[in-house]
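Undergrad: My structure is below; once you've seen it, I'll send some questions.
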Amino acid sequence: MFRTLMLSTLLVATLLLAWLFQAGKLQAQAGTRSVQDLIADLDKGEKEKLKALQDLEALGVKAADAAVAVVGTLATKNEDVRLQAAMTAGKIGAAAVKPLSKALESKDVDQRFYAVWGLAFVGPPAKSAAKLVIAALKDESPGVRRKAAYALGRIDPDPGEVVGTLVGILADDNVDVRQAAGAALARLGKPAVADLILAIDTKNVAARHRAIQTLGQIGGDARAAIPELKQLLRDDNATAQIAAQALSAIGAPALPALQTAAGDDDEKVRAVALRGLQLMGATAVPALVDLLGNTHVDVRRSAALMLGTIPVNDKMVAIGLGFATRDKDFQVRRNALSSIQNLGPAAKQAEPYVSALLTDIDPQVRQQAFYTLRNLGVDPAPGLKKALANPDARVRINTASLMTALGMELALAEPILVEGLKAKDEALKMQAAHALSSRGLQADVVLPIFVAGLKNEIASVRLQAAQNISRYGVKASQATPALIDALDDADGSVRTQALSTLRAVGADGKTLLPAMLKVLRGKHTNLHDQAAQIVYQVGPDSVGEVIGLLRKEEAPALRQTFLQMLAMVGPPAKDAVEELVKALEDKSPRARMVAARALGNIGPDAKAALDALARAEKDDDGNVRAIAAAAREQIRADADRKEFKVQGVLTAGDPFDRVRTQHYQVVHTYRMKKGQTYTIDLQSPWDNYLRLEDARGRQLRQDDDSGGRLNARIVFPCQEDGWYRIIVTSYAARATGNYTLTVR
């Protein structure tokens, strides 16, 4: 063994000597060329320049004599050479500051750009050039301004000289310049905080947001800004979100502010504060545990859910979540269970609380409790069969419902559920009906129970009723009035589900339109998108009413909804041409965009709008211009043309598709003739998707990649004369971009 060890040691030593010899040889070869030789190469071709600059960079401060010559190569047109010269000057250091400062005064923008970048590479030794770099913040070139801001973050200037100027640059027109200025201020740290706090009050939104973000980047040293940042949680949504992120980045000093805001009477303030606590992570755990007892249900729901996303091994968390499983709100109980399940063995102390939920009134809570116990290492199955004989009807029926959902002992569970349909307790009756309907049993009996359940005093029962009704689709039209009433429910989850179920039931437009308008005018903004989707689908019968509403409505969001509905209808919206032409002058680019799209979809009956659309082709907004041009093509088109072609754009301002619900859509209408076969091609640089519907909204075809690569193609033999809806959408959720639609 000793001999083997000696041989190994000798081998390592031999390899090390060989490496040292080779390294020395290479160093000697490099050293054969003097700095003067390398300077001479800087007057040669681009290849020689680049190699000489690299060798001088390797010499660093030893190449001080080459500083002027190196900076002189910034005048070269070769981009690689200029960049290498800036980096080499940075390695040379202090000796390069003076020539770089001189180059910064050049009339050539590229020289100024690389000169100020070179000073940034030099770092603190370039502090003497601070005034010149500050002056460069006013350069006409955004690139020079950006690099000047970048340099000020690296040359260690006196804060008093630069902070005020950098804060002013936060209002620059160029986003990259603003970002670089913010990064420089963040590096300066605490000395910049006072000026950044003042900048929060600026009317320039971009500067304001960048100032807030910079305070967050400074972190704990920005604690003096906490009162102002907390106040911003009441501002517009974008500002409030950025302020919450900044507070979370400041960390522990901001915890009391976020915790207090999380209990605010304003729902929006609570939401952004909770988001800030979530971003703070483990530091926020004690506050989140305290918030499990908050008076606001949305706070308790969020806190219960967030605690399961933060990996901590703390008995306090497990016990707090255990107490939360007793909450009167079903969603709090669900979220607490979900967090206990995520924490796994670390939440073992919560086991007794979870076991009690096996007979909870909410079916999802029951199932969740079952699987959570398994995750904690407990098998609940043996106790369930025993519970079927419990003298308490609540225990029997809820246990039977759970076992039915799990597919356990169905022969024993089903008789108890049928018996439960006669229960005097409406909530228990609902549980039995829910379990039976999930297996397709007693359908004629359970639907009236669900409709009645929409008025139950327990929120989870009302939610369950709305969910169950949706299973029946159009067969549950009798539930429409009760579902419309449920849109005013005190519980947000019930309101959301009632609206979703209304879409599934598919009541007629005349019935739904007034209800949806009430929702759109209401304070529950989370329902607005879904209500708008229903308005989009209400159909031609409501066109006249929508036109009247459009004439007198001033709220931008509602006008947008009405315009989009008209765009979805297509040719039957021909009576709206006059109002749509007026909308081409709307203050909102999105409204102008949709008005143009609606006119295009009306087709030849919108010829009166051609001049207005021609003017819209010169709109300040690129999307409006593109869609106006496409609309003119559609209006001039007829079914006898050999080819119909539209250059369009899918944007984030477009509605979601009713079939592909997380995908934006554009609808084009096209008249087709019976007996002809049409080829519809959709081409784009992004992965697109194509759908075809008839005028009644029935899907006839859909396609993803039949057009080759990322493109869709539909070949459609037309069986009936009429207008058809060609729906442009995407394969990936929320994708946008330009496209070309061709019909031949």
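All residue names refer to the structure tokens as shown: chains lettered A, B, ... in order, residues numbered from 1 in each chain, ligands numbered from 1 in order.
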DSSP says strand (DSSP E or B) for which residues of region 631-725 of chain A? Put them as a ChimeraX atom specification?
TA: /A:644-650,656,664,666-672,677-683,688-694,699-703,708,711-717,722-725
Undergrad: Identify, on the basis of only C-alpha atoms, every residue whose closest approach to Gln564 (chain A) does not exceed 12 Å; exclude the query and any residue fewer than 6 positions from it along the same chain; express the result as a PyMOL selection string.
TA: chain A and resi 532-539+543+546-547+550+557-558+570+573+580+583+590-599+601+653-656+665-667
Undergrad: Using only C-alpha atoms, which of A:Cys718, A:Ala171, A:Ala629, A:Leu692 sits nearest Thr677 (chain A)?
TA: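 Closest to Thr677 (chain A), using only C-alpha atoms: A:Cys718.
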Undergrad: Go through A:Asp705, A:Asp327, A:Asp236, A:Asp314 and flag the residue nearest Thr295 (chain A), using only C-alpha atoms for the distances.
TA: A:Asp327
Undergrad: I'd like to know which of A:Ala115, A:Gly90, A:Leu563, A:Leu50 is closest to Gly72 (chain A), using only C-alpha atoms.
TA: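 Using only C-alpha atoms, the shortest distance to Gly72 (chain A) belongs to A:Ala115.
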Undergrad: One decimal, in Å: what's the spacing between CA of Lys102 (chain A) and CA of Lys47 (chain A)?
TA: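 A separation of 25.8 Å between them.
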Undergrad: Tell me, as a VMD selection string, which residues lie within 12 Å of Asp290 (chain A), counting only C-alpha atoms; anything in the same chain fewer than 2 positions away does not count.
TA: chain A and resid 256 259 to 260 262 to 263 284 to 288 292 to 295 299 to 300 303 to 304 307 316 to 317 319 to 321 323 to 324
Undergrad: For the residues in that selection, give me N, CA and C atoms as a short mmCIF file (atom, residue, chain, number, x, y, z; two decimals), in the first residue's frame.
TA:
```cif
data_model
loop_
_atom_site.label_atom_id
_atom_site.label_comp_id
_atom_site.auth_asym_id
_atom_site.auth_seq_id
_atom_site.Cartn_x
_atom_site.Cartn_y
_atom_site.Cartn_z
N PRO A 256 -44.35 44.74 9.77
CA PRO A 256 -45.52 45.32 10.44
C PRO A 256 -46.42 46.11 9.49
N GLN A 259 -48.36 43.61 7.36
CA GLN A 259 -49.34 42.87 8.16
C GLN A 259 -50.54 43.77 8.47
N THR A 260 -50.29 45.01 8.81
CA THR A 260 -51.39 45.94 9.10
C THR A 260 -52.24 46.16 7.85
N ALA A 262 -52.63 44.18 5.42
CA ALA A 262 -53.35 42.96 5.07
C ALA A 262 -54.69 42.87 5.79
N GLY A 263 -54.89 43.66 6.84
CA GLY A 263 -56.16 43.68 7.54
C GLY A 263 -56.98 44.92 7.24
N ALA A 284 -42.20 36.19 6.74
CA ALA A 284 -43.59 36.58 6.93
C ALA A 284 -44.43 35.51 7.63
N VAL A 285 -43.86 34.35 7.93
CA VAL A 285 -44.64 33.24 8.49
C VAL A 285 -45.38 33.62 9.77
N PRO A 286 -44.75 34.24 10.77
CA PRO A 286 -45.50 34.60 11.99
C PRO A 286 -46.69 35.52 11.70
N ALA A 287 -46.50 36.45 10.78
CA ALA A 287 -47.60 37.36 10.43
C ALA A 287 -48.74 36.59 9.76
N LEU A 288 -48.40 35.66 8.87
CA LEU A 288 -49.43 34.88 8.18
C LEU A 288 -50.21 34.00 9.15
N LEU A 292 -54.50 34.21 10.16
CA LEU A 292 -55.50 33.13 10.10
C LEU A 292 -56.72 33.46 10.95
N GLY A 293 -56.56 34.40 11.88
CA GLY A 293 -57.67 34.81 12.73
C GLY A 293 -58.26 36.15 12.34
N ASN A 294 -57.90 36.67 11.17
CA ASN A 294 -58.38 37.98 10.74
C ASN A 294 -59.90 37.97 10.51
N THR A 295 -60.51 39.11 10.65
CA THR A 295 -61.97 39.18 10.46
C THR A 295 -62.39 39.09 9.00
N VAL A 299 -58.67 37.38 3.66
CA VAL A 299 -57.35 37.35 4.30
C VAL A 299 -57.08 35.96 4.87
N ARG A 300 -58.09 35.41 5.56
CA ARG A 300 -57.90 34.07 6.14
C ARG A 300 -57.67 33.05 5.04
N ALA A 303 -54.01 33.61 3.69
CA ALA A 303 -53.00 33.22 4.67
C ALA A 303 -52.92 31.71 4.79
N ALA A 304 -54.08 31.04 4.82
CA ALA A 304 -54.11 29.58 4.92
C ALA A 304 -53.43 28.93 3.73
N LEU A 307 -49.32 29.69 3.61
CA LEU A 307 -48.48 28.98 4.58
C LEU A 307 -48.03 27.62 4.06
N MET A 316 -45.87 25.87 15.35
CA MET A 316 -46.81 26.99 15.36
C MET A 316 -47.62 27.02 14.07
N VAL A 317 -46.97 26.74 12.94
CA VAL A 317 -47.66 26.75 11.65
C VAL A 317 -48.67 25.61 11.59
N ILE A 319 -50.18 23.96 14.01
CA ILE A 319 -51.30 24.17 14.92
C ILE A 319 -52.21 25.29 14.41
N GLY A 320 -51.59 26.35 13.89
CA GLY A 320 -52.38 27.45 13.32
C GLY A 320 -53.26 26.98 12.18
N LEU A 321 -52.69 26.16 11.29
CA LEU A 321 -53.46 25.63 10.18
C LEU A 321 -54.54 24.66 10.68
N PHE A 323 -56.22 24.92 13.51
CA PHE A 323 -57.34 25.76 13.94
C PHE A 323 -58.10 26.31 12.73
N ALA A 324 -57.37 26.62 11.66
CA ALA A 324 -58.01 27.17 10.46
C ALA A 324 -58.95 26.15 9.80
#
```
Undergrad: So which residues touch Leu215 (chain A) within 7 Å, counting only C-alpha atoms, skipping near sequence neighbours fewer than 5 positions away, as a list in words?
TA: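 In the requested format, the answer is Val193, Ala222 and Ala246 of chain A.
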Undergrad: Would you write out those residues with N, CA and C atoms, as a short mmCIF file (atom, residue, chain, number, x, y, z; two decimals), in the first residue's frame?
TA:
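Generated output (again12.cif):
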```cif
data_model
loop_
_atom_site.label_atom_id
_atom_site.label_comp_id
_atom_site.auth_asym_id
_atom_site.auth_seq_id
_atom_site.Cartn_x
_atom_site.Cartn_y
_atom_site.Cartn_z
N VAL A 193 -31.81 57.10 -0.88
CA VAL A 193 -33.17 56.82 -0.41
C VAL A 193 -34.02 58.09 -0.31
N ALA A 222 -33.44 50.87 2.82
CA ALA A 222 -34.51 51.78 2.38
C ALA A 222 -35.67 51.79 3.35
N ALA A 246 -41.67 46.09 -3.37
CA ALA A 246 -40.58 46.83 -2.74
C ALA A 246 -40.57 46.60 -1.23
#
```
Undergrad: Quick one, how far is CA of Thr73 (chain A) from CA of Ile39 (chain A)?
TA: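 Separation of CA of Thr73 (chain A) and CA of Ile39 (chain A): 10.5 Å.
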Undergrad: Using CA of Asn313 (chain A) and CA of Ala346 (chain A) as the two end points, give the distance in Å to one decimal.
TA: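 Atom-to-atom, CA of Asn313 (chain A) to CA of Ala346 (chain A), that is 5.5 Å.
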Undergrad: Name the closest residue to Ala243 (chain A) among the candidates A:Glu228, A:Glu161, A:Asp605, A:Asp575; distances are taken between atoms, counting only C-alpha atoms.
TA: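 Looking only at the distances to Ala243 (chain A), the closest residue turns out to be A:Glu228.
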Undergrad: So, with only C-alpha atoms as the atoms that count, which of A:Arg658, A:Lys475, A:Arg632, A:Arg725 lies closest to Gln530 (chain A)?
TA: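 Checking each of A:Arg658, A:Lys475, A:Arg632, A:Arg725 against Gln530 (chain A), counting only C-alpha atoms, the winner is A:Arg658.
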Undergrad: Need the shell around Asn623 (chain A): protein/DNA/RNA residues with any atom at most 9 Å away, counting only C-alpha atoms. Skip same-chain ones fewer than 5 positions apart. Format as number ranges by chain?
TA: A: 589-590, 593, 628, 648-651
Undergrad: Enumerate, as a PyMOL selection string, the complete set of residues in region 30-129 of chain A that a backbone-based DSSP assignment places in helix (DSSP H, G or I).
TA: chain A and resi 30-31+35-41+46-75+79-103+109-122+124-129
Undergrad: When distances are computed from only C-alpha atoms, which of A:Met408, A:Ile92, A:Leu376, A:Ala86 shows the smallest separation from Ala63 (chain A)?
TA: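 Looking only at the distances to Ala63 (chain A), the closest residue turns out to be A:Ile92.
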Undergrad: Excluding Ala149 (chain A) and residues on its chain fewer than 2 positions from it, collect all residues at most 7 Å away from it, counting only C-alpha atoms, and give them as a list in words.
TA: Leu137, Arg145, Arg146, Lys147, Ala151, Leu152, Gly153, Ala180, Ala181 and Ala184 of chain A
Undergrad: Excluding Ile416 (chain A) and any residue of its chain fewer than 4 positions from it, enumerate the residues within 7 Å of it, using only C-alpha atoms, and give them as number ranges by chain.
TA: A: 397, 400, 420
